[in-house]
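Listing of input_37.tsv, TSV, C-alpha atoms
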```tsv
chain	number	residue	atom	x	y	z
A	1	ILE	CA	81.24	94.82	89.03
A	2	ARG	CA	80.21	95.03	85.38
A	3	ASN	CA	83.54	94.86	83.57
A	4	TYR	CA	84.59	91.33	84.51
A	5	LEU	CA	84.44	88.65	81.80
A	6	GLY	CA	81.55	86.21	82.06
A	7	PHE	CA	79.08	88.33	84.04
A	8	ALA	CA	77.09	90.18	81.40
A	9	ARG	CA	74.71	91.71	83.94
A	10	GLY	CA	77.38	92.32	86.53
A	11	ILE	CA	78.14	90.72	89.87
A	12	SER	CA	78.52	92.26	93.30
A	13	GLY	CA	81.93	92.38	94.91
A	14	ALA	CA	80.62	90.27	97.79
A	15	ASP	CA	79.34	87.53	95.44
A	16	LEU	CA	82.56	87.43	93.45
A	17	THR	CA	84.60	87.19	96.65
A	18	GLN	CA	82.40	84.39	98.00
A	19	ARG	CA	82.75	82.40	94.78
A	20	ALA	CA	86.51	82.89	94.84
A	21	TYR	CA	86.63	81.66	98.45
A	22	GLN	CA	84.61	78.55	97.59
A	23	GLN	CA	86.82	77.79	94.59
A	24	ALA	CA	90.01	78.16	96.63
A	25	TRP	CA	88.56	75.89	99.33
A	26	VAL	CA	87.75	73.22	96.73
A	27	PHE	CA	91.38	73.32	95.61
A	28	GLY	CA	92.52	72.70	99.18
A	29	ALA	CA	93.53	76.16	100.33
A	30	ARG	CA	93.36	76.85	104.04
A	31	VAL	CA	91.51	80.11	104.59
A	32	ILE	CA	91.75	82.28	107.70
A	33	LEU	CA	88.93	84.83	107.80
A	34	LEU	CA	88.54	88.00	109.87
A	35	ASP	CA	92.01	87.76	111.43
A	36	GLU	CA	94.43	90.60	110.73
A	37	VAL	CA	98.09	90.16	109.80
A	38	LYS	CA	99.86	92.41	112.29
A	39	THR	CA	103.49	92.15	111.19
A	40	ILE	CA	105.74	90.36	108.74
A	41	ARG	CA	109.46	89.77	109.13
A	42	THR	CA	112.10	87.65	107.43
A	43	GLU	CA	114.25	85.07	109.21
A	44	GLY	CA	116.69	83.35	106.85
A	45	ASP	CA	114.70	81.84	104.00
A	46	ARG	CA	111.43	82.05	105.95
A	47	HIS	CA	108.94	84.87	106.28
A	48	VAL	CA	107.12	85.05	109.59
A	49	LEU	CA	103.62	86.52	109.70
A	50	GLU	CA	102.04	87.37	113.04
A	51	VAL	CA	98.28	86.87	112.67
A	52	ALA	CA	95.98	88.21	115.37
A	53	GLY	CA	94.06	85.38	117.01
A	54	VAL	CA	96.15	82.73	115.28
A	55	GLY	CA	99.80	83.27	116.11
A	56	GLU	CA	102.80	82.99	113.83
A	57	ILE	CA	102.73	81.52	110.34
A	58	ARG	CA	106.07	80.71	108.69
A	59	ALA	CA	106.34	80.51	104.91
A	60	ARG	CA	109.01	80.38	102.22
A	61	ALA	CA	106.90	82.60	99.94
A	62	VAL	CA	104.25	85.25	100.56
A	63	VAL	CA	101.93	86.94	98.06
A	64	LEU	CA	100.58	90.35	99.07
A	65	ALA	CA	97.20	91.06	97.45
A	66	LEU	CA	96.18	93.82	99.84
A	67	GLY	CA	94.12	95.98	97.50
A	68	VAL	CA	93.34	99.67	97.98
A	69	ALA	CA	90.60	101.79	99.46
A	70	TRP	CA	89.14	104.67	97.45
A	71	ARG	CA	90.05	108.05	98.89
A	72	ARG	CA	86.78	109.37	100.32
A	73	LEU	CA	85.25	112.76	99.62
A	74	GLY	CA	84.31	113.16	103.29
A	75	VAL	CA	80.91	114.84	102.84
A	76	PRO	CA	78.50	112.97	105.19
A	77	GLU	CA	75.30	113.46	103.19
A	78	LEU	CA	77.03	112.23	100.03
A	79	GLU	CA	78.66	109.25	101.74
A	80	ALA	CA	75.13	108.16	102.73
A	81	LEU	CA	74.20	108.11	99.03
A	82	THR	CA	77.07	105.87	97.92
A	83	GLY	CA	75.69	103.51	95.29
A	84	ARG	CA	72.58	105.66	94.90
A	85	GLY	CA	73.94	108.30	92.59
A	86	VAL	CA	77.34	108.65	94.26
A	87	PHE	CA	80.05	106.35	92.90
A	88	TYR	CA	83.73	105.82	93.56
A	89	GLY	CA	85.80	104.72	90.60
A	90	GLY	CA	84.74	103.63	87.13
A	91	THR	CA	81.88	105.02	85.08
A	92	ALA	CA	81.38	102.59	82.22
A	93	ALA	CA	78.62	100.65	83.93
A	94	ASP	CA	76.65	103.73	84.95
A	95	ALA	CA	77.05	106.13	81.99
A	96	ARG	CA	74.10	104.85	79.93
A	97	GLY	CA	71.82	105.15	82.96
A	98	LEU	CA	72.47	108.90	82.96
A	99	ALA	CA	71.14	109.49	79.46
A	100	GLY	CA	69.47	112.91	79.49
A	101	LEU	CA	70.50	113.55	83.11
A	102	HIS	CA	73.23	115.53	84.90
A	103	ALA	CA	76.63	113.99	85.68
A	104	VAL	CA	79.44	115.40	87.81
A	105	VAL	CA	83.02	114.08	87.99
A	106	VAL	CA	85.39	115.05	90.82
A	107	GLY	CA	89.11	114.83	90.13
A	108	GLY	CA	91.87	116.39	88.08
A	109	ALA	CA	93.89	113.42	86.83
A	110	ASN	CA	93.60	111.33	83.66
A	111	SER	CA	90.97	108.97	85.05
A	112	ALA	CA	88.67	111.92	85.78
A	113	GLY	CA	89.18	113.38	82.31
A	114	GLN	CA	88.46	110.03	80.66
A	115	ALA	CA	85.35	109.61	82.79
A	116	ALA	CA	84.05	113.06	81.85
A	117	LEU	CA	84.52	112.34	78.15
A	118	HIS	CA	82.71	109.02	78.45
A	119	LEU	CA	79.81	110.43	80.45
A	120	ALA	CA	79.43	113.34	78.03
A	121	ARG	CA	78.37	110.84	75.36
A	122	TYR	CA	75.17	110.11	77.28
A	123	ALA	CA	74.41	112.76	79.92
A	124	ALA	CA	72.56	115.99	79.19
A	125	SER	CA	75.36	117.83	81.01
A	126	THR	CA	78.72	116.80	82.45
A	127	THR	CA	80.62	118.93	84.96
A	128	LEU	CA	84.25	118.24	85.84
A	129	VAL	CA	85.12	119.61	89.31
A	130	MET	CA	88.76	119.89	90.38
A	131	ARG	CA	90.79	121.52	93.12
A	132	GLU	CA	93.56	122.38	90.68
A	133	SER	CA	93.62	125.88	89.23
A	134	ARG	CA	94.27	124.66	85.68
A	135	LEU	CA	93.10	121.71	83.66
A	136	ASP	CA	96.65	120.81	82.63
A	137	GLU	CA	98.20	120.70	86.13
A	138	ILE	CA	98.12	116.89	86.43
A	139	MET	CA	96.12	115.77	83.37
A	140	SER	CA	97.84	114.63	80.16
A	141	SER	CA	97.82	117.17	77.34
A	142	TYR	CA	95.88	114.97	74.92
A	143	LEU	CA	93.05	114.68	77.45
A	144	VAL	CA	93.17	118.37	78.25
A	145	ASP	CA	92.61	119.15	74.56
A	146	GLN	CA	89.71	116.69	74.27
A	147	VAL	CA	87.97	117.89	77.42
A	148	ALA	CA	88.41	121.56	76.53
A	149	ALA	CA	87.07	120.97	73.02
A	150	ASN	CA	83.96	119.10	74.17
A	151	PRO	CA	81.00	121.52	74.41
A	152	ALA	CA	79.07	119.07	76.62
A	153	ILE	CA	81.66	119.32	79.44
A	154	THR	CA	81.83	122.22	81.89
A	155	VAL	CA	85.13	122.48	83.77
A	156	ARG	CA	85.11	124.02	87.27
A	157	THR	CA	88.68	124.63	88.45
A	158	SER	CA	89.69	125.65	92.00
A	159	THR	CA	86.38	124.18	93.15
A	160	GLU	CA	85.27	121.55	95.65
A	161	VAL	CA	82.06	119.63	96.35
A	162	VAL	CA	81.05	120.61	99.89
A	163	ALA	CA	77.46	119.38	100.21
A	164	GLY	CA	74.63	117.60	98.42
A	165	THR	CA	70.97	116.68	98.61
A	166	GLY	CA	68.90	113.61	97.93
A	167	ASP	CA	66.68	111.08	99.68
A	168	ALA	CA	66.50	107.81	97.78
A	169	ARG	CA	69.00	109.12	95.22
A	170	LEU	CA	71.32	112.06	94.62
A	171	ARG	CA	69.53	115.19	93.43
A	172	SER	CA	71.94	118.14	93.69
A	173	LEU	CA	75.43	119.23	94.74
A	174	VAL	CA	76.82	122.36	96.34
A	175	LEU	CA	80.09	123.57	94.81
A	176	GLN	CA	82.43	126.01	96.54
A	177	GLU	CA	85.01	128.11	94.71
A	178	SER	CA	88.18	127.93	96.80
A	179	THR	CA	89.54	131.42	96.14
A	180	THR	CA	86.34	133.39	96.76
A	181	GLY	CA	84.35	131.01	98.94
A	182	ASP	CA	81.32	131.47	96.69
A	183	ARG	CA	78.86	128.58	96.69
A	184	GLU	CA	76.50	127.36	93.98
A	185	GLU	CA	73.97	124.52	93.95
A	186	ILE	CA	73.75	122.55	90.70
A	187	PRO	CA	71.51	119.61	89.68
A	188	ALA	CA	73.28	116.24	89.80
A	189	ASP	CA	71.94	112.74	89.15
A	190	GLY	CA	75.32	111.04	89.20
A	191	LEU	CA	78.52	111.95	91.07
A	192	PHE	CA	81.69	110.08	90.15
A	193	ILE	CA	84.56	110.59	92.59
A	194	MET	CA	88.05	109.97	91.22
A	195	ILE	CA	90.44	111.51	93.71
A	196	GLY	CA	92.77	108.55	94.03
A	197	ALA	CA	93.09	105.55	96.30
A	198	ILE	CA	94.99	104.58	99.44
A	199	PRO	CA	96.94	101.29	99.39
A	200	SER	CA	96.73	99.10	102.49
A	201	THR	CA	100.49	99.04	103.08
A	202	SER	CA	101.15	101.20	106.14
A	203	TRP	CA	101.73	98.12	108.32
A	204	LEU	CA	104.46	96.62	106.12
A	205	PRO	CA	108.12	96.74	107.23
A	206	PRO	CA	110.37	99.37	105.62
A	207	GLU	CA	112.35	96.64	103.84
A	208	ILE	CA	109.45	96.28	101.38
A	209	ALA	CA	110.02	99.23	99.03
A	210	ARG	CA	107.08	101.45	98.13
A	211	ASP	CA	106.60	104.47	95.89
A	212	ARG	CA	105.55	107.90	97.13
A	213	GLY	CA	101.91	106.86	97.06
A	214	GLY	CA	102.54	103.81	99.24
A	215	TYR	CA	102.19	101.28	96.41
A	216	ILE	CA	104.55	98.30	96.48
A	217	ILE	CA	107.40	98.43	93.94
A	218	THR	CA	108.11	95.16	92.14
A	219	GLY	CA	110.30	93.61	89.47
A	220	GLN	CA	112.43	95.70	87.14
A	221	ASP	CA	111.36	98.92	88.86
A	222	LEU	CA	113.38	97.86	91.92
A	223	LEU	CA	116.59	98.12	89.91
A	224	GLU	CA	115.84	101.72	88.99
A	225	LEU	CA	115.50	102.95	92.57
A	226	PRO	CA	118.19	105.39	93.78
A	227	ASP	CA	118.86	103.12	96.77
A	228	ALA	CA	121.29	100.55	95.39
A	229	GLY	CA	120.42	98.16	98.20
A	230	ALA	CA	116.73	97.92	97.35
A	231	TRP	CA	117.33	94.55	95.65
A	232	PRO	CA	119.84	92.40	97.56
A	233	LEU	CA	120.48	89.48	95.16
A	234	ASP	CA	122.61	88.98	92.04
A	235	LEU	CA	119.62	87.34	90.34
A	236	ARG	CA	117.20	89.79	88.75
A	237	PRO	CA	113.88	90.11	90.61
A	238	MET	CA	110.90	88.39	89.07
A	239	PRO	CA	108.18	90.72	87.67
A	240	TYR	CA	105.96	90.63	90.78
A	241	GLU	CA	108.69	90.15	93.40
A	242	THR	CA	109.15	92.88	96.00
A	243	SER	CA	112.43	94.18	97.43
A	244	VAL	CA	112.34	91.26	99.87
A	245	PRO	CA	113.06	88.04	97.93
A	246	GLY	CA	110.22	85.58	98.28
A	247	ILE	CA	107.60	88.22	98.98
A	248	PHE	CA	105.46	89.08	95.97
A	249	ALA	CA	102.77	91.70	95.33
A	250	VAL	CA	99.86	91.58	92.87
A	251	GLY	CA	96.75	93.55	92.06
A	252	ASP	CA	95.85	97.14	92.87
A	253	VAL	CA	98.44	97.41	95.65
A	254	ARG	CA	101.31	96.96	93.18
A	255	SER	CA	102.94	100.11	91.83
A	256	GLY	CA	102.10	100.54	88.15
A	257	SER	CA	99.16	98.11	88.13
A	258	LEU	CA	96.10	98.81	85.96
A	259	LYS	CA	93.62	98.96	88.88
A	260	ARG	CA	91.13	96.65	87.13
A	261	VAL	CA	89.54	93.45	88.43
A	262	ALA	CA	90.52	91.42	85.36
A	263	SER	CA	94.17	92.46	85.48
A	264	ALA	CA	94.35	91.79	89.23
A	265	VAL	CA	93.01	88.27	88.72
A	266	GLY	CA	95.50	87.79	85.89
A	267	GLU	CA	98.41	88.87	88.08
A	268	GLY	CA	97.21	86.45	90.76
A	269	SER	CA	97.47	83.56	88.32
A	270	VAL	CA	100.81	84.63	86.84
A	271	VAL	CA	102.49	85.08	90.23
A	272	VAL	CA	102.02	81.37	90.99
A	273	SER	CA	104.69	80.42	88.44
A	274	GLN	CA	107.03	82.98	89.98
A	275	VAL	CA	106.44	81.56	93.46
A	276	LEU	CA	107.28	78.09	92.14
A	277	ARG	CA	110.49	79.42	90.56
A	278	HIS	CA	111.44	81.00	93.89
A	279	LEU	CA	110.84	77.76	95.76
A	280	ALA	CA	112.90	75.85	93.19
A	281	GLN	CA	115.78	78.30	93.64
A	282	LEU	CA	115.68	77.71	97.41
```

Let me see the file written as structure tokens.
Amino acid sequence: IRNYLGFARGISGADLTQRAYQQAWVFGARVILLDEVKTIRTEGDRHVLEVAGVGEIRARAVVLALGVAWRRLGVPELEALTGRGVFYGGTAADARGLAGLHAVVVGGANSAGQAALHLARYAASTTLVMRESRLDEIMSSYLVDQVAANPAITVRTSTEVVAGTGDARLRSLVLQESTTGDREEIPADGLFIMIGAIPSTSWLPPEIARDRGGYIITGQDLLELPDAGAWPLDLRPMPYETSVPGIFAVGDVRSGSLKRVASAVGEGSVVVSQVLRHLAQL
């Protein structure tokens, strides 16, 4: 992780998590590791969590910080090269390392377009590969114009990455045109996969409202849902409160979040005041 304040040379996700665990322990938090929350239900003003290997935990407030998992490309030889030329997510930390080399971005949404523009500043060539038949199908018009006007970016529509080569690092990719089935091998030193993420919310009860992508809806957005019963109280929901009063959601799993480490940490600190307000109301 290279875009988190205070770590100029970056820090691994494992190290950051370990430091966070130690800090929480120093503050007196009880931590249960490697045990899965199976279900959550509400009984009166208590929320009951069934934790595998532990039993039931009853609480007046719950914060869901479940995160997301990157949607995988599903090409075995490329999955084996993850971190060695194949990357899921952001590009800022890796763009300079591709100076004079070949970069490929997979995806058709805004994040993919922004990544292609950023990589094109450094790489000898940048190829944007998308399943969509047109650049403007799901990408904002301002990005479409910038990508189309950049001579360093080659756009391959109706195309998928179906194979790749490399030993210690990525060396090439095989692209397949979906309408004709034609295949072409191109050089690639960096592959950046931006085809979305999957929130870890499938186990939650239906009472916790989610958007079409499975992300948890919070705050003011609850009042705009077509289902008038999505928010049951006369009081307005707090910004990070879900459709079940007393259950909050923060970080990447929250609908509309920025999907950045710094913003997730910020939401985690802000939600504490909302939890305290909820407890005071009880």

inquiry  = Just the number, please: distance in Å from CA of Trp231 in chain A to CA of Thr42 in chain A, one decimal.
reply    =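 So the two atoms, CA of Trp231 in chain A and CA of Thr42 in chain A, lie 14.6 Å apart.
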
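CA of Ile153 in chain A lies 24.6 Å from CA of Ala197 in chain A.
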
ask   = Pick the closest to Glu241 in chain A from A:Thr218, A:Gln23, A:Ser257, A:Ser12: which is it, counting only C-alpha atoms?
value =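 Using only C-alpha atoms, Glu241 in chain A sits closest to A:Thr218.
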
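Atom pair CA of Gln176 in chain A / CA of Gly213 in chain A: separated by 27.3 Å.
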
request  = Name all residues at most 12 Å from Pro151 in chain A (count all atoms listed in the file; drop same-chain ones fewer than 2 positions away) and give them as number ranges by chain.
outcome  = A: 116-117, 120-121, 124-127, 145-149, 153-155

inquiry  = Calculated over only C-alpha atoms, which of the candidates A:Gly6, A:Ala24, A:Ala115, A:Asp167 has the smallest distance to Asp94 in chain A?
reply    =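 Counting only C-alpha atoms, the residue closest to Asp94 in chain A is A:Ala115.
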